[in-house]
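Novice: Enclosed is the structure file structure27.cif (mmCIF, C-alpha atoms).
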data_start
loop_
_atom_site.label_atom_id
_atom_site.label_comp_id
_atom_site.auth_asym_id
_atom_site.auth_seq_id
_atom_site.Cartn_x
_atom_site.Cartn_y
_atom_site.Cartn_z
CA MET A 426 14.22 -15.94 18.88
CA ILE A 427 13.57 -16.73 15.19
CA LEU A 428 11.57 -13.52 14.76
CA THR A 429 14.35 -11.53 16.41
CA ILE A 430 16.97 -13.04 14.08
CA PHE A 431 14.73 -12.24 11.12
CA GLY A 432 14.33 -8.67 12.34
CA VAL A 433 18.10 -8.23 12.73
CA THR A 434 18.73 -9.70 9.25
CA LEU A 435 16.11 -7.47 7.64
CA ARG A 436 17.59 -4.44 9.35
CA ILE A 437 21.13 -5.29 8.21
CA PHE A 438 20.18 -5.58 4.54
CA SER A 439 17.76 -2.64 4.40
CA ASN A 440 20.21 -0.30 6.14
CA SER A 441 23.03 -1.10 3.73
CA PHE A 442 20.89 -0.58 0.65
CA LEU A 443 19.31 2.66 1.86
CA ASN A 444 22.79 4.17 2.16
CA VAL A 445 23.39 3.21 -1.48
CA PHE A 446 20.23 5.01 -2.60
CA GLN A 447 21.06 8.05 -0.46
CA LYS A 448 24.46 8.30 -2.11
CA ILE A 449 22.96 7.84 -5.58
CA LEU A 450 20.49 10.69 -5.00
CA THR A 451 23.20 13.07 -3.84
CA GLY A 452 25.18 12.02 -6.91
CA TYR A 453 22.27 13.30 -9.02
CA GLY A 454 22.68 16.69 -7.37
CA LEU A 455 19.94 16.50 -4.72
CA ILE A 456 21.27 18.21 -1.59
CA PRO A 457 21.19 16.24 1.70
CA SER A 458 18.52 18.41 3.32
CA PHE A 459 16.06 17.66 0.52
CA VAL A 460 16.88 13.93 0.50
CA ASN A 461 16.12 14.01 4.22
CA PHE A 462 12.90 16.04 3.86
CA TYR A 463 11.45 14.12 0.90
CA THR A 464 12.16 10.80 2.59
CA PHE A 465 10.37 11.68 5.82
CA CYS A 466 7.44 13.22 3.92
CA ALA A 467 6.96 9.98 1.98
CA LEU A 468 7.27 7.91 5.14
CA SER A 469 4.67 10.06 6.87
CA LEU A 470 2.22 9.43 4.03
CA ILE A 471 2.84 5.69 4.33
CA SER A 472 2.41 5.77 8.10
CA LEU A 473 -1.07 7.31 7.72
CA PHE A 474 -2.30 3.85 6.74
CA LEU A 475 -1.06 2.53 10.09
CA VAL A 476 -2.72 5.21 12.24
CA PRO A 477 -6.03 3.25 12.57
CA PHE A 478 -4.08 0.39 14.14
CA CYS A 479 -2.39 2.62 16.73
CA ASN A 480 -3.38 3.22 20.33
CA ILE A 481 -1.37 6.20 21.53
CA GLN A 482 -2.02 7.77 24.92
CA ILE A 483 -0.62 11.31 24.93
CA SER A 484 1.42 12.24 28.00
CA GLU A 485 4.14 14.73 28.91
CA GLU A 486 6.71 11.93 28.93
CA LEU A 487 5.67 10.76 25.46
CA VAL A 488 5.74 14.30 24.03
CA LEU A 489 9.21 14.94 25.46
CA ASN A 490 10.59 11.73 24.01
CA PHE A 491 8.85 12.43 20.70
CA LEU A 492 10.52 15.83 20.43
CA LEU A 493 13.98 14.52 21.34
CA MET A 494 13.64 11.54 18.99
CA GLY A 495 12.57 13.81 16.13
CA ILE A 496 15.35 16.34 16.52
CA LEU A 497 18.09 13.74 16.95
CA GLY A 498 16.72 11.50 14.20
CA VAL A 499 16.58 14.25 11.59
CA LEU A 500 20.07 15.48 12.43
CA GLY A 501 21.43 11.94 12.36
CA ASN A 502 19.90 11.16 8.97
CA TYR A 503 20.94 14.54 7.54
CA TYR A 504 24.59 14.10 8.48
CA ILE A 505 24.64 10.52 7.20
CA ILE A 506 23.50 11.77 3.80
CA LYS A 507 25.93 14.69 3.94
CA ALA A 508 28.80 12.31 4.73
CA LEU A 509 27.85 10.01 1.86
CA SER A 510 27.77 12.97 -0.53
CA VAL A 511 31.51 13.62 0.02
CA GLY A 512 32.87 10.24 1.12
CA GLU A 513 32.99 6.54 0.25
CA LEU A 514 30.25 4.20 1.43
CA SER A 515 32.75 1.41 2.12
CA THR A 516 34.81 3.75 4.32
CA LEU A 517 32.00 5.51 6.15
CA ALA A 518 29.76 2.53 6.94
CA PRO A 519 32.18 0.97 9.47
CA ILE A 520 32.41 4.28 11.38
CA ASN A 521 28.84 3.56 12.42
CA SER A 522 30.22 0.79 14.62
CA TYR A 523 30.82 3.40 17.29
CA LYS A 524 27.04 3.79 17.61
CA PRO A 525 26.56 1.00 20.21
CA VAL A 526 29.30 2.60 22.30
CA VAL A 527 27.39 5.89 22.42
CA ALA A 528 24.08 4.11 22.97
CA LEU A 529 25.58 2.00 25.73
CA PHE A 530 26.59 4.98 27.85
CA VAL A 531 23.35 6.87 27.23
CA GLY A 532 21.33 3.70 27.88
CA VAL A 533 23.04 3.11 31.22
CA PHE A 534 21.80 6.44 32.56
CA TYR A 535 18.45 6.78 30.78
CA LEU A 536 17.17 3.20 30.55
CA GLY A 537 19.20 1.47 33.27
CA GLU A 538 20.57 -1.08 30.77
CA ILE A 539 23.79 -2.40 32.35
CA PRO A 540 26.15 -4.15 29.91
CA ALA A 541 28.01 -7.34 30.76
CA ASN A 542 31.83 -7.50 30.66
CA ARG A 543 31.80 -9.45 27.39
CA ALA A 544 29.72 -6.66 25.82
CA LEU A 545 32.47 -4.18 26.66
CA LEU A 546 35.07 -6.50 25.09
CA ALA A 547 32.89 -6.82 21.98
CA ILE A 548 32.66 -3.06 21.63
CA LEU A 549 36.45 -2.77 21.90
CA LEU A 550 36.78 -5.20 18.99
CA ILE A 551 34.31 -3.18 16.95
CA ILE A 552 36.31 -0.03 17.59
CA LEU A 553 39.56 -1.81 16.66
CA GLY A 554 38.10 -2.89 13.34
CA THR A 555 37.40 0.69 12.29
CA TYR A 556 41.15 1.37 12.24
CA PHE A 557 41.52 -0.69 9.06
CA VAL A 558 38.66 0.94 7.17
CA LYS A 559 38.91 4.61 8.09
CA GLY A 560 39.56 6.94 5.18
CA MET A 561 42.51 9.21 4.57
CA GLY A 562 42.72 12.51 2.72
CA LYS A 563 40.91 15.82 2.89
CA PHE A 564 37.49 14.72 1.72
CA ALA A 565 37.63 11.51 3.73
CA ARG A 566 38.36 13.40 6.96
CA LYS A 567 35.47 15.77 6.27
CA ALA A 568 33.15 12.86 5.51
CA VAL A 569 34.24 11.01 8.65
CA PHE A 570 33.52 14.14 10.71
CA TYR A 571 29.97 14.23 9.34
CA ARG A 572 29.62 10.48 9.91
CA VAL A 573 30.72 10.79 13.54
CA LEU A 574 28.15 13.54 14.08
CA ALA A 575 25.52 11.31 12.49
CA LEU A 576 26.28 8.33 14.70
CA ILE A 577 26.24 10.46 17.87
CA PHE A 578 22.82 11.85 16.97
CA SER A 579 21.39 8.54 15.78
CA ALA A 580 22.78 6.55 18.71
CA SER A 581 21.22 9.01 21.14
CA GLU A 582 18.01 8.89 19.11
CA ALA A 583 17.89 5.11 19.56
CA ILE A 584 17.48 5.53 23.31
CA PHE A 585 14.40 7.70 22.88
CA ILE A 586 12.99 5.34 20.25
CA LYS A 587 13.29 2.53 22.78
CA LYS A 588 11.58 4.67 25.42
CA ILE A 589 8.68 5.40 23.07
CA ILE A 590 8.41 1.69 22.26
CA LEU A 591 8.08 1.00 25.99
CA LEU A 592 5.43 3.73 26.29
CA THR A 593 3.42 2.75 23.20
CA GLY A 594 4.42 -0.16 20.97
CA VAL A 595 6.33 -1.14 17.83
CA VAL A 596 3.78 0.11 15.28
CA GLU A 597 3.00 3.26 17.26
CA SER A 598 6.67 4.12 17.67
CA PHE A 599 7.23 3.71 13.92
CA VAL A 600 4.36 6.07 13.10
CA LEU A 601 5.58 8.65 15.61
CA TRP A 602 9.12 8.36 14.21
CA CYS A 603 7.89 9.11 10.68
CA PHE A 604 5.84 12.13 11.77
CA ALA A 605 8.63 13.47 13.97
CA GLY A 606 11.12 13.18 11.10
CA CYS A 607 8.81 15.04 8.73
CA LEU A 608 8.16 17.81 11.24
CA PHE A 609 11.77 18.46 12.20
CA SER A 610 13.22 18.13 8.69
CA ILE A 611 11.26 21.18 7.54
CA PRO A 612 13.65 23.77 9.08
CA LEU A 613 16.56 22.27 7.11
CA VAL A 614 14.95 23.11 3.75
CA LEU A 615 13.54 26.56 4.59
CA GLY A 616 14.96 29.23 2.30
CA LYS A 617 16.35 26.68 -0.17
CA ASN A 618 15.18 26.27 -3.75
CA VAL A 619 12.94 23.25 -4.30
CA ARG A 620 14.83 20.48 -6.06
CA SER A 621 13.48 17.67 -8.24
CA VAL A 622 14.14 14.05 -7.40
CA GLU A 623 14.98 10.92 -9.40
CA TRP A 624 11.95 8.77 -8.67
CA GLN A 625 13.35 5.24 -9.02
CA PRO A 626 16.18 5.51 -6.45
CA PHE A 627 13.94 7.69 -4.25
CA LEU A 628 11.16 5.08 -4.07
CA LEU A 629 13.73 2.38 -3.37
CA LEU A 630 15.18 4.58 -0.62
CA VAL A 631 11.76 5.08 0.99
CA ALA A 632 11.04 1.34 0.90
CA SER A 633 14.47 0.55 2.37
CA ILE A 634 14.26 3.08 5.19
CA ALA A 635 10.71 1.99 6.08
CA LEU A 636 11.88 -1.61 6.39
CA MET A 637 14.98 -0.49 8.27
CA GLN A 638 13.13 1.52 10.88
CA PHE A 639 10.28 -0.92 11.45
CA SER A 640 12.69 -3.83 11.87
CA THR A 641 14.84 -1.65 14.16
CA ASN A 642 11.87 -0.89 16.42
CA PHE A 643 10.89 -4.56 16.45
CA VAL A 644 14.38 -5.63 17.53
CA PHE A 645 14.56 -2.83 20.12
CA SER A 646 11.37 -4.20 21.66
CA ARG A 647 13.13 -7.52 22.26
CA MET A 648 16.65 -6.62 23.41
CA ASN A 649 18.84 -3.90 24.91
CA VAL A 650 19.56 -1.02 22.57
CA SER A 651 23.36 -1.23 22.80
CA TYR A 652 23.31 -4.98 22.05
CA ALA A 653 20.95 -4.49 19.10
CA LEU A 654 23.09 -1.69 17.65
CA ALA A 655 26.18 -3.89 17.97
CA LEU A 656 24.49 -6.68 15.99
CA PHE A 657 23.37 -4.20 13.37
CA GLN A 658 27.04 -3.56 12.59
CA LEU A 659 27.07 -6.83 10.65
CA SER A 660 25.80 -4.65 7.81
CA THR A 661 29.33 -3.27 7.57
CA ILE A 662 30.54 -6.17 5.41
CA LEU A 663 27.61 -5.77 3.02
CA SER A 664 28.20 -2.01 2.83
CA VAL A 665 31.87 -2.57 1.98
CA PHE A 666 30.90 -4.88 -0.90
CA LEU A 667 28.22 -2.46 -2.13
CA GLY A 668 30.63 0.48 -2.00
CA VAL A 669 33.28 -1.37 -3.99
CA ASN A 670 30.90 -2.88 -6.56
CA VAL A 671 28.34 -0.09 -7.03
CA PHE A 672 30.60 2.96 -6.68
CA ARG A 673 33.94 1.36 -7.66
CA GLU A 674 35.61 2.25 -4.36
CA LYS A 675 39.09 0.93 -3.51
CA GLY A 676 40.69 -1.03 -0.66
CA LEU A 677 38.36 -4.03 -0.53
CA ASN A 678 40.74 -6.41 1.28
CA ARG A 679 41.77 -3.95 4.00
CA LYS A 680 38.21 -2.86 4.62
CA LEU A 681 36.93 -6.43 4.73
CA PHE A 682 39.61 -7.30 7.29
CA GLY A 683 38.48 -4.46 9.53
CA ALA A 684 34.83 -5.36 9.00
CA SER A 685 35.57 -8.98 9.96
CA ILE A 686 36.99 -7.84 13.30
CA MET A 687 33.72 -6.00 13.87
CA VAL A 688 31.75 -9.12 13.05
CA VAL A 689 33.69 -11.00 15.72
CA GLY A 690 32.76 -8.27 18.18
CA ALA A 691 29.10 -8.42 17.17
CA VAL A 692 28.98 -12.20 17.53
#
Written as structure tokens, that's how I'd like the structure from this file.
Specialist:
Amino acid sequence: MILTIFGVTLRIFSNSFLNVFQKILTGYGLIPSFVNFYTFCALSLISLFLVPFCNIQISEELVLNFLLMGILGVLGNYYIIKALSVGELSTLAPINSYKPVVALFVGVFYLGEIPANRALLAILLIILGTYFVKGMGKFARKAVFYRVLALIFSASEAIFIKKIILLTGVVESFVLWCFAGCLFSIPLVLGKNVRSVEWQPFLLLVASIALMQFSTNFVFSRMNVSYALALFQLSTILSVFLGVNVFREKGLNRKLFGASIMVVGAV
């Protein structure tokens, strides 16, 4: 239980900070597709050091889940970055609270994970909380559209990550996730001019996303996906504070109120 709590806490903090670094990089003019591609390339290089510790048995089922995880993961990460490039972190982060709802329904059919009645009530509270933090205006609506696409892709991806964890293990699933992301992010940068990157925020982004994904896989190995994703929404409060303090975004009190409702749902 202590290790699980530690994994959830690590995931909450790393996820909030990686969104900050993604937004900073797009603010420097790096387009989302290159932020996506460079990140997965760096993660793949890191994961090479873990390959000797992996024991992966190739099968048709594993390959299928690998392909689906890679496609959905890259699209999810791409649209998160795209949303952050045109919207506020403190507004967009709570939209992610819909992720456990998507994962719940997919998980019921693909993994046979049946939620309890109190889980459904918790998800309703999470959805209610987003009402107080959703953005208004032209750019906000566009950003929210991208964020909704991102959560649909990433929530669906979570199901296939869990399946790969069951087929292999936590370390193996992390390595496969990195390689899949690198492979499927290539088509998004084809035909585009190569862009330079600001190294300090980029390295911090890579470290954050590595911690985020490894802790995510660890937690997935210990609990249902929809429950884990609901707990991960505790990062909403931290993201609201980071958005207001790092990027000088407005509406702190209203957004914190909505985020607090989500925390109640997560608890």
Novice: Would you mind listing, for every residue of segment 447-496 of chain A within 12 Å of segment 629-653 of chain A, the two atoms forming the shortest contact and the distance between them in Å to one decimal, using all atoms listed in the file, sorted by chain and ascending residue number, as a tab-separated table?
Specialist:
residue	atom	partner	partner_atom	distance
A:Gln447	CA	A:Leu630	CA	6.8
A:Lys448	CA	A:Leu630	CA	10.1
A:Ile449	CA	A:Leu630	CA	9.8
A:Leu450	CA	A:Leu630	CA	9.2
A:Val460	CA	A:Leu630	CA	9.6
A:Asn461	CA	A:Val631	CA	10.4
A:Phe462	CA	A:Val631	CA	11.4
A:Tyr463	CA	A:Val631	CA	9.0
A:Thr464	CA	A:Val631	CA	6.0
A:Phe465	CA	A:Val631	CA	8.3
A:Cys466	CA	A:Val631	CA	9.7
A:Ala467	CA	A:Val631	CA	6.9
A:Leu468	CA	A:Val631	CA	6.7
A:Ser469	CA	A:Ala635	CA	10.1
A:Leu470	CA	A:Val631	CA	10.9
A:Ile471	CA	A:Ala635	CA	8.9
A:Ser472	CA	A:Ala635	CA	9.3
A:Leu475	CA	A:Phe639	CA	11.9
Novice: For the PyMOL selection byres ((chain A and resi 688-690) around 7), applied here, can you spell out every residue it catches as a list in words?
Specialist: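 Applied to this file, the PyMOL selection byres ((chain A and resi 688-690) around 7) selects Ala547, Ile548, Leu550, Ile551, Leu659, Ala684, Ser685, Ile686, Met687, Ala691 and Val692 of chain A.
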Novice: Can you tell me, as a PyMOL selection string, what residues are no more than 8 Å from Leu517 of chain A when counting only C-alpha atoms, ignoring any on the same chain fewer than 3 positions away?
Specialist: chain A and resi 508-509+512-514+520-521+559-560+568-569+572
Novice: What is the distance, in Å and to one decimal place, between atom CA of Tyr535 of chain A and atom CA of Leu489 of chain A?
Specialist: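 Distance between the two atoms: 13.4 Å.
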Novice: Quick one: distance from atom CA of Gly495 of chain A to atom CA of Ser579 of chain A in Å, one decimal?
Specialist: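 Taking atom CA of Gly495 of chain A and atom CA of Ser579 of chain A, their separation equals 10.3 Å.
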Novice: How many Å lie between atom CA of Val614 of chain A and atom CA of Asn490 of chain A, rounded to one decimal?
Specialist: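 Spanning atom CA of Val614 of chain A to atom CA of Asn490 of chain A is a straight-line distance of 23.6 Å.
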Novice: Could you spell out the hits of the PyMOL selection byres ((chain A and resi 526) around 9) on the shown file, as a PDB file with C-alpha atoms, in the frame of the given file?
Specialist:
ATOM      1  CA  SER A 522      30.220   0.790  14.620  1.00  0.00           C
ATOM      2  CA  TYR A 523      30.820   3.400  17.290  1.00  0.00           C
ATOM      3  CA  LYS A 524      27.040   3.790  17.610  1.00  0.00           C
ATOM      4  CA  PRO A 525      26.560   1.000  20.210  1.00  0.00           C
ATOM      5  CA  VAL A 527      27.390   5.890  22.420  1.00  0.00           C
ATOM      6  CA  ALA A 528      24.080   4.110  22.970  1.00  0.00           C
ATOM      7  CA  LEU A 529      25.580   2.000  25.730  1.00  0.00           C
ATOM      8  CA  PHE A 530      26.590   4.980  27.850  1.00  0.00           C
ATOM      9  CA  VAL A 531      23.350   6.870  27.230  1.00  0.00           C
ATOM     10  CA  LEU A 545      32.470  -4.180  26.660  1.00  0.00           C
ATOM     11  CA  ILE A 548      32.660  -3.060  21.630  1.00  0.00           C
ATOM     12  CA  LEU A 549      36.450  -2.770  21.900  1.00  0.00           C
ATOM     13  CA  ILE A 552      36.310  -0.030  17.590  1.00  0.00           C
ATOM     14  CA  ALA A 580      22.780   6.550  18.710  1.00  0.00           C
ATOM     15  CA  SER A 651      23.360  -1.230  22.800  1.00  0.00           C
ATOM     16  CA  LEU A 654      23.090  -1.690  17.650  1.00  0.00           C
ATOM     17  CA  ALA A 655      26.180  -3.890  17.970  1.00  0.00           C
TER      18      ALA A 655
END
Novice: Starting from the displayed file, determine the output of the PyMOL selection byres ((chain A and resi 620) around 9) and express the residue list as a ChimeraX atom specification.
Specialist: /A:454-456,459,617-619,621-622
Novice: A:Ser610, A:Thr429, A:Ser515, A:Thr593: which is nearest Ile481 of chain A, counting all atoms listed in the file?
Specialist: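 Of A:Ser610, A:Thr429, A:Ser515, A:Thr593, the one nearest Ile481 of chain A is A:Thr593, counting all atoms listed in the file.
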Novice: Here is a test: counting all atoms listed in the file, which residue of A:Leu681, A:Ile506, A:Leu500, A:Leu473 is nearest to Gly452 of chain A?
Specialist: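 Counting all atoms listed in the file, the residue closest to Gly452 of chain A is A:Ile506.
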Novice: Restricting the calculation to all atoms listed in the file, which member of A:Leu608, A:Glu485, A:Ile496, A:Ser510 is positioned closest to Ile586 of chain A?
Specialist: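 Distance minimum relative to Ile586 of chain A lands on A:Ile496.
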Novice: Which one is closest to Val671 of chain A: A:Gln482, A:Gly554, A:Leu576, A:Asn444? Count only C-alpha atoms.
Specialist: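 Answer, going by the shortest atom-to-atom distance: A:Asn444.
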